[in-house]
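Containing PDB, C-alpha atoms: work-v2.pdb.
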ATOM      1  CA  MET M 878      28.737  -1.556  17.829
ATOM      2  CA  GLN M 879      28.142  -5.258  18.497
ATOM      3  CA  SER M 880      28.182  -7.856  15.780
ATOM      4  CA  ALA M 881      26.659 -11.324  15.956
ATOM      5  CA  SER M 882      26.027 -14.260  13.616
ATOM      6  CA  HIS M 883      23.531 -17.103  13.654
ATOM      7  CA  SER M 884      23.689 -20.212  11.473
ATOM      8  CA  LEU M 885      21.020 -22.836  10.868
ATOM      9  CA  HIS M 886      19.863 -25.356   8.282
ATOM     10  CA  LEU M 887      16.397 -24.673   6.906
ATOM     11  CA  MET M 888      14.550 -24.916   3.575
ATOM     12  CA  GLY M 889      17.231 -27.316   2.361
ATOM     13  CA  ALA M 890      19.884 -24.613   2.744
ATOM     14  CA  SER M 891      22.684 -23.609   5.091
ATOM     15  CA  ILE M 892      21.710 -20.177   6.354
ATOM     16  CA  LYS M 893      23.917 -17.582   8.037
ATOM     17  CA  ILE M 894      22.920 -14.085   9.107
ATOM     18  CA  THR M 895      25.452 -11.568  10.431
ATOM     19  CA  ILE M 896      24.428  -8.121  11.682
ATOM     20  CA  PHE M 897      25.986  -5.156  13.454
ATOM     21  CA  HIS M 898      23.679  -3.703  16.114
ATOM     22  CA  GLU M 899      23.551  -3.053  19.907
ATOM     23  CA  ASP M 900      20.802  -5.682  20.238
ATOM     24  CA  ALA M 901      22.175  -8.059  17.618
ATOM     25  CA  GLU M 902      21.495 -11.367  19.424
ATOM     26  CA  ASN M 903      17.834 -10.579  20.065
ATOM     27  CA  LEU M 904      17.289  -9.424  16.481
ATOM     28  CA  LEU M 905      18.866 -12.606  15.143
ATOM     29  CA  LEU M 906      16.499 -14.723  17.261
ATOM     30  CA  GLN M 907      13.559 -12.784  15.823
ATOM     31  CA  SER M 908      14.999 -13.296  12.328
ATOM     32  CA  GLU M 909      15.069 -17.056  12.897
ATOM     33  CA  GLN M 910      11.405 -16.974  13.915
ATOM     34  CA  LEU M 911      10.624 -15.149  10.671
ATOM     35  CA  LEU M 912      12.531 -17.784   8.683
ATOM     36  CA  HIS M 913      10.393 -20.550  10.183
ATOM     37  CA  LEU M 914       7.247 -18.536   9.446
ATOM     38  CA  TYR M 915       8.231 -18.087   5.803
ATOM     39  CA  LYS M 916       9.223 -21.732   5.430
ATOM     40  CA  ASN M 917       5.704 -22.695   6.527
ATOM     41  CA  ARG M 918       4.237 -20.159   4.116
ATOM     42  CA  PHE M 919       6.176 -20.921   0.922
ATOM     43  CA  SER M 920       7.381 -24.541   1.122
ATOM     44  CA  ALA M 921       6.417 -26.846  -1.756
ATOM     45  CA  ASN M 922       7.585 -29.892   0.234
ATOM     46  CA  ASP M 923       5.814 -29.529   3.588
ATOM     47  CA  ALA M 924       2.340 -31.076   3.682
ATOM     48  CA  ASP M 925       1.055 -28.422   6.092
ATOM     49  CA  SER M 926       2.482 -25.313   4.397
ATOM     50  CA  GLU M 927       0.253 -22.466   3.240
ATOM     51  CA  LEU M 928       1.387 -23.072  -0.344
ATOM     52  CA  MET M 929       0.476 -26.752  -0.099
ATOM     53  CA  ALA M 930      -3.080 -25.776   0.852
ATOM     54  CA  ILE M 931      -3.394 -24.290  -2.655
ATOM     55  CA  ASN M 932      -1.846 -27.322  -4.353
ATOM     56  CA  LEU M 933      -4.132 -29.750  -2.527
ATOM     57  CA  GLN M 934      -7.186 -27.909  -3.881
ATOM     58  CA  ALA M 935      -6.011 -27.968  -7.517
ATOM     59  CA  GLY M 936      -8.967 -28.464  -9.837
ATOM     60  CA  LYS M 937     -11.388 -28.176  -6.902
ATOM     61  CA  LYS M 938     -11.651 -24.664  -5.502
ATOM     62  CA  ALA M 939      -9.902 -21.329  -4.971
ATOM     63  CA  VAL M 940      -7.954 -20.805  -1.741
ATOM     64  CA  ARG M 941      -7.712 -17.524   0.134
ATOM     65  CA  VAL M 942      -4.066 -16.908   1.062
ATOM     66  CA  HIS M 943      -1.866 -14.579   3.094
ATOM     67  CA  PRO M 944      -1.098 -11.333   1.213
ATOM     68  CA  GLU M 945       2.617 -12.168   1.057
ATOM     69  CA  LEU M 946       1.946 -15.556  -0.510
ATOM     70  CA  PHE M 947      -0.451 -13.961  -3.002
ATOM     71  CA  GLU M 948       2.137 -11.281  -3.815
ATOM     72  CA  LEU M 949       4.852 -13.838  -4.516
ATOM     73  CA  ILE M 950       2.604 -16.059  -6.638
ATOM     74  CA  GLU M 951       1.413 -13.011  -8.592
ATOM     75  CA  LEU M 952       5.019 -11.938  -9.175
ATOM     76  CA  GLY M 953       6.023 -15.471 -10.154
ATOM     77  CA  LYS M 954       3.149 -15.814 -12.617
ATOM     78  CA  LYS M 955       3.978 -12.439 -14.197
ATOM     79  CA  HIS M 956       7.529 -13.571 -14.952
ATOM     80  CA  SER M 957       6.447 -17.105 -15.881
ATOM     81  CA  VAL M 958       4.160 -15.910 -18.680
ATOM     82  CA  ALA M 959       6.628 -13.293 -19.961
ATOM     83  CA  GLU M 960       7.878 -13.856 -23.516
ATOM     84  CA  HIS M 961      10.900 -16.193 -23.766
ATOM     85  CA  SER M 962      10.968 -16.708 -19.973
ATOM     86  CA  HIS M 963      12.396 -19.983 -18.673
ATOM     87  CA  LEU M 964      10.865 -19.413 -15.241
ATOM     88  CA  ASN M 965       7.681 -21.399 -14.562
ATOM     89  CA  ILE M 966       6.172 -21.521 -11.079
ATOM     90  CA  ALA M 967       3.648 -24.128 -12.313
ATOM     91  CA  ILE M 968       6.442 -26.651 -12.843
ATOM     92  CA  GLY M 969       5.792 -28.284  -9.460
ATOM     93  CA  PRO M 970       4.541 -31.645 -10.831
ATOM     94  CA  LEU M 971       7.833 -32.134 -12.696
ATOM     95  CA  VAL M 972       9.978 -31.069  -9.748
ATOM     96  CA  GLN M 973       8.126 -33.416  -7.403
ATOM     97  CA  THR M 974       8.394 -36.338  -9.839
ATOM     98  CA  TRP M 975      12.104 -36.001 -10.617
ATOM     99  CA  ARG M 976      12.940 -35.070  -6.970
ATOM    100  CA  ILE M 977      16.491 -34.021  -7.913
ATOM    101  CA  GLY M 978      18.291 -32.953  -4.746
ATOM    102  CA  PHE M 979      16.337 -35.394  -2.579
ATOM    103  CA  SER M 980      17.242 -38.964  -1.547
ATOM    104  CA  ASP M 981      14.350 -40.415  -3.582
ATOM    105  CA  ALA M 982      15.313 -38.725  -6.872
ATOM    106  CA  LYS M 983      14.513 -40.737  -9.994
ATOM    107  CA  LEU M 984      14.418 -40.595 -13.793
ATOM    108  CA  PRO M 985      10.737 -40.517 -14.865
ATOM    109  CA  SER M 986       9.528 -42.293 -17.990
ATOM    110  CA  GLU M 987       8.877 -40.325 -21.180
ATOM    111  CA  GLU M 988       5.162 -41.075 -20.764
ATOM    112  CA  GLU M 989       5.140 -39.632 -17.242
ATOM    113  CA  ILE M 990       6.875 -36.454 -18.383
ATOM    114  CA  HIS M 991       4.510 -36.037 -21.335
ATOM    115  CA  GLU M 992       1.497 -36.312 -19.023
ATOM    116  CA  LEU M 993       2.937 -33.910 -16.459
ATOM    117  CA  LEU M 994       3.646 -31.230 -19.063
ATOM    118  CA  ARG M 995      -0.114 -30.948 -19.577
ATOM    119  CA  ILE M 996      -0.531 -29.581 -16.030
ATOM    120  CA  THR M 997       2.387 -27.127 -15.940
ATOM    121  CA  ASN M 998       0.910 -24.145 -17.761
ATOM    122  CA  PRO M 999       1.315 -20.981 -15.615
ATOM    123  CA  GLU M1000      -1.564 -19.346 -17.492
ATOM    124  CA  GLU M1001      -3.838 -21.787 -15.652
ATOM    125  CA  ILE M1002      -2.990 -20.262 -12.276
ATOM    126  CA  VAL M1003      -6.063 -18.086 -11.673
ATOM    127  CA  LEU M1004      -5.587 -15.103  -9.346
ATOM    128  CA  ASP M1005      -8.270 -12.955  -7.743
ATOM    129  CA  ALA M1006      -6.560  -9.909  -6.234
ATOM    130  CA  SER M1007      -9.777  -8.539  -4.706
ATOM    131  CA  LYS M1008     -10.253 -11.722  -2.646
ATOM    132  CA  GLN M1009      -6.541 -12.694  -2.379
ATOM    133  CA  GLU M1010      -7.492 -16.096  -3.778
ATOM    134  CA  VAL M1011      -5.500 -18.559  -5.878
ATOM    135  CA  TYR M1012      -7.079 -21.299  -7.992
ATOM    136  CA  LEU M1013      -5.253 -23.995  -9.943
ATOM    137  CA  SER M1014      -7.639 -24.850 -12.751
ATOM    138  CA  LYS M1015      -6.494 -28.442 -13.399
ATOM    139  CA  ALA M1016      -6.310 -31.358 -10.970
ATOM    140  CA  GLY M1017      -2.705 -32.301 -10.221
ATOM    141  CA  MET M1018      -1.292 -28.823 -10.757
ATOM    142  CA  ARG M1019       1.302 -27.693  -8.206
ATOM    143  CA  ILE M1020       2.909 -24.312  -7.693
ATOM    144  CA  ASP M1021       6.607 -24.456  -6.816
ATOM    145  CA  LEU M1022       8.144 -21.185  -5.606
ATOM    146  CA  GLY M1023      11.629 -22.632  -5.176
ATOM    147  CA  ALA M1024      13.022 -20.398  -7.922
ATOM    148  CA  LEU M1025      12.123 -17.173  -6.098
ATOM    149  CA  ALA M1026      11.063 -17.792  -2.475
ATOM    150  CA  LYS M1027      14.529 -17.490  -0.922
ATOM    151  CA  GLY M1028      15.031 -14.122  -2.577
ATOM    152  CA  TYR M1029      11.654 -12.878  -1.360
ATOM    153  CA  ILE M1030      12.393 -14.134   2.170
ATOM    154  CA  ALA M1031      15.822 -12.463   2.175
ATOM    155  CA  ASP M1032      14.219  -9.164   1.154
ATOM    156  CA  LYS M1033      11.640  -9.471   3.953
ATOM    157  CA  LEU M1034      14.362 -10.213   6.504
ATOM    158  CA  LYS M1035      16.351  -7.193   5.375
ATOM    159  CA  GLU M1036      13.231  -5.020   5.581
ATOM    160  CA  PHE M1037      12.632  -6.206   9.165
ATOM    161  CA  LEU M1038      16.253  -5.631  10.224
ATOM    162  CA  ILE M1039      16.378  -2.134   8.727
ATOM    163  CA  GLU M1040      13.157  -1.268  10.556
ATOM    164  CA  GLN M1041      14.941  -2.284  13.772
ATOM    165  CA  GLY M1042      17.802   0.093  13.018
ATOM    166  CA  VAL M1043      20.345  -2.308  11.511
ATOM    167  CA  GLN M1044      22.627  -0.437   9.108
ATOM    168  CA  SER M1045      25.166  -3.157   8.311
ATOM    169  CA  GLY M1046      24.839  -6.885   7.829
ATOM    170  CA  ILE M1047      24.819  -9.815   5.455
ATOM    171  CA  ILE M1048      22.102 -12.413   4.891
ATOM    172  CA  ASP M1049      23.212 -15.688   3.304
ATOM    173  CA  LEU M1050      20.362 -18.069   2.468
ATOM    174  CA  GLY M1051      22.327 -20.975   1.054
ATOM    175  CA  GLY M1052      24.442 -18.858  -1.296
ATOM    176  CA  ASN M1053      21.674 -16.359  -1.935
ATOM    177  CA  ILE M1054      23.439 -13.238  -0.619
ATOM    178  CA  LEU M1055      21.806  -9.978   0.433
ATOM    179  CA  THR M1056      23.850  -7.190   2.023
ATOM    180  CA  ILE M1057      22.745  -4.359   4.269
ATOM    181  CA  GLY M1058      24.895  -1.255   3.823
ATOM    182  CA  GLU M1059      28.649  -1.832   3.718
ATOM    183  CA  ASN M1060      31.121  -3.853   5.781
ATOM    184  CA  PRO M1061      31.714  -1.633   8.859
ATOM    185  CA  THR M1062      34.790  -3.568   9.988
ATOM    186  CA  PHE M1063      36.763  -2.453   6.926
ATOM    187  CA  GLN M1064      34.543   0.493   5.916
ATOM    188  CA  ARG M1065      34.186  -0.752   2.364
ATOM    189  CA  PRO M1066      31.698  -2.683   0.216
ATOM    190  CA  TRP M1067      31.112  -6.345   1.034
ATOM    191  CA  ARG M1068      33.247  -8.745  -0.980
ATOM    192  CA  ILE M1069      31.268 -11.594  -2.518
ATOM    193  CA  GLY M1070      32.869 -14.503  -4.353
ATOM    194  CA  ILE M1071      31.437 -16.034  -7.531
ATOM    195  CA  GLN M1072      31.591 -19.817  -7.329
ATOM    196  CA  ASN M1073      33.675 -21.777  -9.829
ATOM    197  CA  PRO M1074      31.100 -24.263 -11.193
ATOM    198  CA  VAL M1075      33.634 -27.084 -11.648
ATOM    199  CA  LEU M1076      35.359 -26.822  -8.257
ATOM    200  CA  GLY M1077      34.259 -27.291  -4.640
ATOM    201  CA  ARG M1078      32.195 -24.821  -2.631
ATOM    202  CA  GLY M1079      34.210 -21.706  -1.799
ATOM    203  CA  GLU M1080      36.460 -21.893  -4.878
ATOM    204  CA  HIS M1081      35.839 -18.588  -6.650
ATOM    205  CA  VAL M1082      36.501 -17.393 -10.191
ATOM    206  CA  ALA M1083      36.110 -13.750  -9.169
ATOM    207  CA  VAL M1084      35.258 -11.523  -6.194
ATOM    208  CA  ILE M1085      32.921  -8.554  -6.633
ATOM    209  CA  ALA M1086      32.201  -5.476  -4.513
ATOM    210  CA  VAL M1087      28.605  -5.228  -3.276
ATOM    211  CA  SER M1088      26.931  -2.470  -1.234
ATOM    212  CA  ASP M1089      23.333  -2.688  -0.050
ATOM    213  CA  ALA M1090      22.417  -5.186  -2.780
ATOM    214  CA  SER M1091      21.955  -8.876  -3.522
ATOM    215  CA  VAL M1092      23.983 -11.467  -5.411
ATOM    216  CA  VAL M1093      22.376 -14.754  -6.483
ATOM    217  CA  THR M1094      23.918 -17.549  -8.525
ATOM    218  CA  SER M1095      22.033 -20.357 -10.225
ATOM    219  CA  GLY M1096      24.042 -23.232 -11.633
ATOM    220  CA  ILE M1097      23.695 -26.720 -13.071
ATOM    221  CA  TYR M1098      26.286 -28.005 -10.549
ATOM    222  CA  GLU M1099      24.128 -27.349  -7.472
ATOM    223  CA  ARG M1100      21.880 -30.456  -7.411
ATOM    224  CA  GLN M1101      22.302 -33.480  -9.669
ATOM    225  CA  LEU M1102      21.045 -36.995 -10.354
ATOM    226  CA  VAL M1103      23.208 -39.638 -12.051
ATOM    227  CA  VAL M1104      21.472 -42.535 -13.836
ATOM    228  CA  ASP M1105      23.410 -45.088 -15.932
ATOM    229  CA  GLY M1106      26.371 -42.733 -16.128
ATOM    230  CA  LYS M1107      24.321 -39.745 -17.321
ATOM    231  CA  THR M1108      24.071 -36.640 -15.142
ATOM    232  CA  TYR M1109      20.807 -34.705 -14.825
ATOM    233  CA  HIS M1110      20.767 -31.264 -13.170
ATOM    234  CA  HIS M1111      17.825 -29.588 -11.400
ATOM    235  CA  ILE M1112      17.033 -26.709 -13.801
ATOM    236  CA  PHE M1113      14.205 -27.916 -16.023
ATOM    237  CA  ASP M1114      13.229 -26.995 -19.548
ATOM    238  CA  ARG M1115       9.574 -26.042 -19.284
ATOM    239  CA  THR M1116       8.905 -27.252 -22.849
ATOM    240  CA  THR M1117      10.494 -30.731 -22.655
ATOM    241  CA  GLY M1118      10.174 -31.626 -18.964
ATOM    242  CA  TYR M1119      13.844 -32.644 -18.893
ATOM    243  CA  PRO M1120      16.833 -30.780 -17.423
ATOM    244  CA  MET M1121      17.753 -27.915 -19.699
ATOM    245  CA  GLU M1122      20.278 -28.387 -22.503
ATOM    246  CA  THR M1123      22.458 -25.295 -22.257
ATOM    247  CA  GLU M1124      25.950 -23.904 -22.767
ATOM    248  CA  VAL M1125      25.635 -22.091 -19.439
ATOM    249  CA  ALA M1126      27.106 -23.551 -16.242
ATOM    250  CA  SER M1127      26.008 -20.675 -14.005
ATOM    251  CA  ILE M1128      24.406 -17.254 -14.027
ATOM    252  CA  THR M1129      25.005 -14.688 -11.283
ATOM    253  CA  ILE M1130      22.688 -11.684 -11.047
ATOM    254  CA  LEU M1131      23.321  -8.557  -8.968
ATOM    255  CA  ALA M1132      20.365  -6.316  -8.034
ATOM    256  CA  LYS M1133      19.008  -4.279  -5.128
ATOM    257  CA  LYS M1134      16.324  -6.865  -4.364
ATOM    258  CA  SER M1135      17.171 -10.514  -3.922
ATOM    259  CA  VAL M1136      13.903 -11.716  -5.447
ATOM    260  CA  ASP M1137      14.804  -9.882  -8.675
ATOM    261  CA  CYS M1138      18.124 -11.730  -8.747
ATOM    262  CA  GLU M1139      16.360 -15.067  -8.366
ATOM    263  CA  ILE M1140      13.779 -14.292 -11.034
ATOM    264  CA  TRP M1141      16.335 -13.266 -13.641
ATOM    265  CA  THR M1142      18.758 -16.155 -13.059
ATOM    266  CA  THR M1143      15.883 -18.503 -13.889
ATOM    267  CA  ARG M1144      14.217 -16.423 -16.617
ATOM    268  CA  LEU M1145      17.455 -16.325 -18.600
ATOM    269  CA  PHE M1146      19.040 -19.682 -17.893
ATOM    270  CA  GLY M1147      18.272 -21.396 -21.185
ATOM    271  CA  GLN M1148      19.440 -18.547 -23.391
ATOM    272  CA  ASN M1149      22.674 -18.108 -25.306
ATOM    273  CA  PRO M1150      25.268 -16.616 -22.907
ATOM    274  CA  TYR M1151      25.916 -13.621 -25.171
ATOM    275  CA  LYS M1152      22.178 -12.943 -25.349
ATOM    276  CA  ILE M1153      21.976 -13.045 -21.552
ATOM    277  CA  ILE M1154      24.588 -10.303 -21.218
ATOM    278  CA  GLU M1155      22.997  -8.313 -24.019
ATOM    279  CA  GLU M1156      19.569  -8.445 -22.368
ATOM    280  CA  ILE M1157      20.768  -7.574 -18.869
ATOM    281  CA  GLU M1158      22.700  -4.576 -20.235
ATOM    282  CA  GLN M1159      19.285  -3.131 -21.113
ATOM    283  CA  TYR M1160      18.345  -3.013 -17.419
ATOM    284  CA  PRO M1161      20.461  -0.441 -15.517
ATOM    285  CA  GLU M1162      19.296  -1.859 -12.169
ATOM    286  CA  LEU M1163      20.708  -5.343 -12.970
ATOM    287  CA  GLU M1164      24.171  -6.804 -13.531
ATOM    288  CA  ALA M1165      25.132 -10.314 -14.665
ATOM    289  CA  PHE M1166      28.135 -12.641 -14.610
ATOM    290  CA  VAL M1167      27.872 -15.768 -16.793
ATOM    291  CA  ILE M1168      30.146 -18.822 -16.823
ATOM    292  CA  THR M1169      29.825 -21.345 -19.652
ATOM    293  CA  LYS M1170      30.481 -25.090 -19.466
ATOM    294  CA  ASN M1171      33.844 -24.578 -21.149
ATOM    295  CA  GLN M1172      34.781 -22.017 -18.456
ATOM    296  CA  LYS M1173      34.303 -18.911 -20.577
ATOM    297  CA  MET M1174      33.327 -15.899 -18.444
ATOM    298  CA  MET M1175      31.386 -12.840 -19.530
ATOM    299  CA  TYR M1176      29.817 -10.035 -17.546
ATOM    300  CA  THR M1177      27.951  -6.746 -17.796
ATOM    301  CA  SER M1178      29.673  -3.373 -17.703
ATOM    302  CA  GLY M1179      28.580  -2.390 -14.186
ATOM    303  CA  ILE M1180      30.193  -5.289 -12.290
ATOM    304  CA  GLN M1181      32.816  -3.990  -9.844
ATOM    305  CA  PHE M1182      35.635  -6.432  -9.158
ATOM    306  CA  VAL M1183      37.828  -6.442  -6.066
TER     307      VAL M1183
END
Translate the structure of the given file into structure tokens.
Amino acid sequence: MQSASHSLHLMGASIKITIFHEDAENLLLQSEQLLHLYKNRFSANDADSELMAINLQAGKKAVRVHPELFELIELGKKHSVAEHSHLNIAIGPLVQTWRIGFSDAKLPSEEEIHELLRITNPEEIVLDASKQEVYLSKAGMRIDLGALAKGYIADKLKEFLIEQGVQSGIIDLGGNILTIGENPTFQRPWRIGIQNPVLGRGEHVAVIAVSDASVVTSGIYERQLVVDGKTYHHIFDRTTGYPMETEVASITILAKKSVDCEIWTTRLFGQNPYKIIEEIEQYPELEAFVITKNQKMMYTSGIQFV
């Protein structure tokens, strides 16, 4: 069976897809076309994206959207309004003002942040499932799907590849990992490293065995802004408008679906690390690996190490 890999930079991420299939090259080209399609659908930074069409009509009118975009917004709102959730897909105005991870990143004034918090309530995203319409009820509101879009896209890519007969492969959307089957070269589960948050990319604290599942890590080391000697990371506290004060350096979630991994890394990020493990243990379909700022590691009982 042939194997092939394609790499590209898209959605602010280094992407690599490897599959094992007789028609691997052709399927990878089709996968790249899908990636461009989804970028245009879900991007919060492209002026002509389908998501931006909603944001531009905030406070004006509802926008009919593609069923996939509606599905992801509906899923994001559900987890944004859940009790104690730190996920908030309505946080777009804050993200676009801080711009952490972009060349024009800045530290906003306290007054700016206070004003922006008034238009970041996910309850004010109005959804009409019968019409597939989305309405942002206040002018200036912006949906940002950055906390879950890559996971959703990875799941859609996997679905497409499986439909084409692919039984083994690995999708890496900038560190968001989704595996198809097992590694056929060694006839064993895929081996996925968990990044050490204080060392360079590729330096791992552990390696776990993963079969037909996803691994996603969210960490405060990924994108940062330094102003007057103080470092600000990109994971925001939805109540203060500032980067989250937390003991946690990174959370890794393992689940069948990549979008579930993304959702739970963000939902739980501001919690006490012991509480994170305790909560995830209640969900048999999820596993977690948490690293604190002082390099303490804790993980759920179902994690399989190599």
*asked:* When the PyMOL selection byres ((chain M and resi 1059-1064) around 7) is applied to the structure above, which residues does it catch, written out as a list of chain:residue names?
replied: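 So the PyMOL selection byres ((chain M and resi 1059-1064) around 7) ends up selecting M:Ser1045, M:Ile1057, M:Gly1058, M:Arg1065, M:Pro1066, M:Trp1067, M:Ser1088, M:Asp1089.
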Could you save those same residues with C-alpha atoms as a compact mmCIF listing (two decimals), in the frame of the given file?
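Dumped everything to again_16.txt:
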# COMPACT_ATOMS: atom_id res chain seq x y z
CA SER M 1045 25.17 -3.16 8.31
CA ILE M 1057 22.74 -4.36 4.27
CA GLY M 1058 24.90 -1.25 3.82
CA ARG M 1065 34.19 -0.75 2.36
CA PRO M 1066 31.70 -2.68 0.22
CA TRP M 1067 31.11 -6.34 1.03
CA SER M 1088 26.93 -2.47 -1.23
CA ASP M 1089 23.33 -2.69 -0.05
Per-residue nearest contacts of stretch 998-1062 of chain M to stretch 958-962 of chain M (10 Å; only C-alpha atoms) as CSV:
residue,atom,partner,partner_atom,distance
M:Asn998,CA,M:Val958,CA,8.9
M:Pro999,CA,M:Val958,CA,6.6
M:Glu1000,CA,M:Val958,CA,6.8
Pairwise distance, atom CA of M:Asp1049 with atom CA of M:Ile1140, equals 17.2 Å
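Shortest separation to M:Leu994 among M:Thr974, M:Gln907, M:Asn1073, M:Thr1094 occurs at residue M:Thr974, atoms counted being only C-alpha atoms.
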(message) For a cutoff of 10 Å around the file-coordinate point (24.7, -21.2, -3.0), which residues qualify once you count all atoms listed in the file? I'd like the result as a PyMOL selection string.
(response) chain M and resi 890-892+1049-1054+1071-1072+1078-1079+1093-1096+1099
Go ahead and write the selection's residues with C-alpha atoms as a JSON list (two decimals), in the coordinates of the input.
[["chain", "number", "residue", "atom", "x", "y", "z"],
["M", 890, "ALA", "CA", 19.88, -24.61, 2.74],
["M", 891, "SER", "CA", 22.68, -23.61, 5.09],
["M", 892, "ILE", "CA", 21.71, -20.18, 6.35],
["M", 1049, "ASP", "CA", 23.21, -15.69, 3.30],
["M", 1050, "LEU", "CA", 20.36, -18.07, 2.47],
["M", 1051, "GLY", "CA", 22.33, -20.98, 1.05],
["M", 1052, "GLY", "CA", 24.44, -18.86, -1.30],
["M", 1053, "ASN", "CA", 21.67, -16.36, -1.94],
["M", 1054, "ILE", "CA", 23.44, -13.24, -0.62],
["M", 1071, "ILE", "CA", 31.44, -16.03, -7.53],
["M", 1072, "GLN", "CA", 31.59, -19.82, -7.33],
["M", 1078, "ARG", "CA", 32.20, -24.82, -2.63],
["M", 1079, "GLY", "CA", 34.21, -21.71, -1.80],
["M", 1093, "VAL", "CA", 22.38, -14.75, -6.48],
["M", 1094, "THR", "CA", 23.92, -17.55, -8.52],
["M", 1095, "SER", "CA", 22.03, -20.36, -10.22],
["M", 1096, "GLY", "CA", 24.04, -23.23, -11.63],
["M", 1099, "GLU", "CA", 24.13, -27.35, -7.47]]
The distance between atom CA of M:Ala1083 and atom CA of M:Tyr1151 is 19.0 Å
Which residues, written as number ranges by chain, have at least one atom at most 6 Å from stretch 1123-1133 of chain M, with only C-alpha atoms counted and residues fewer than 3 positions away on the same chain left out? M: 1090-1097, 1138, 1142, 1147, 1163-1170
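Relative to atom CA of M:Lys983, atom CA of M:Gly953 is found at 26.7 Å.
Here, the PyMOL selection byres ((chain M and resi 993) around 10) matches Ile968, Gly969, Pro970, Leu971, Thr974, Glu987, Glu988, Glu989, Ile990, His991, Glu992, Leu994, Arg995, Ile996, Thr997, Gly1017, Met1018 and Gly1118 of chain M.
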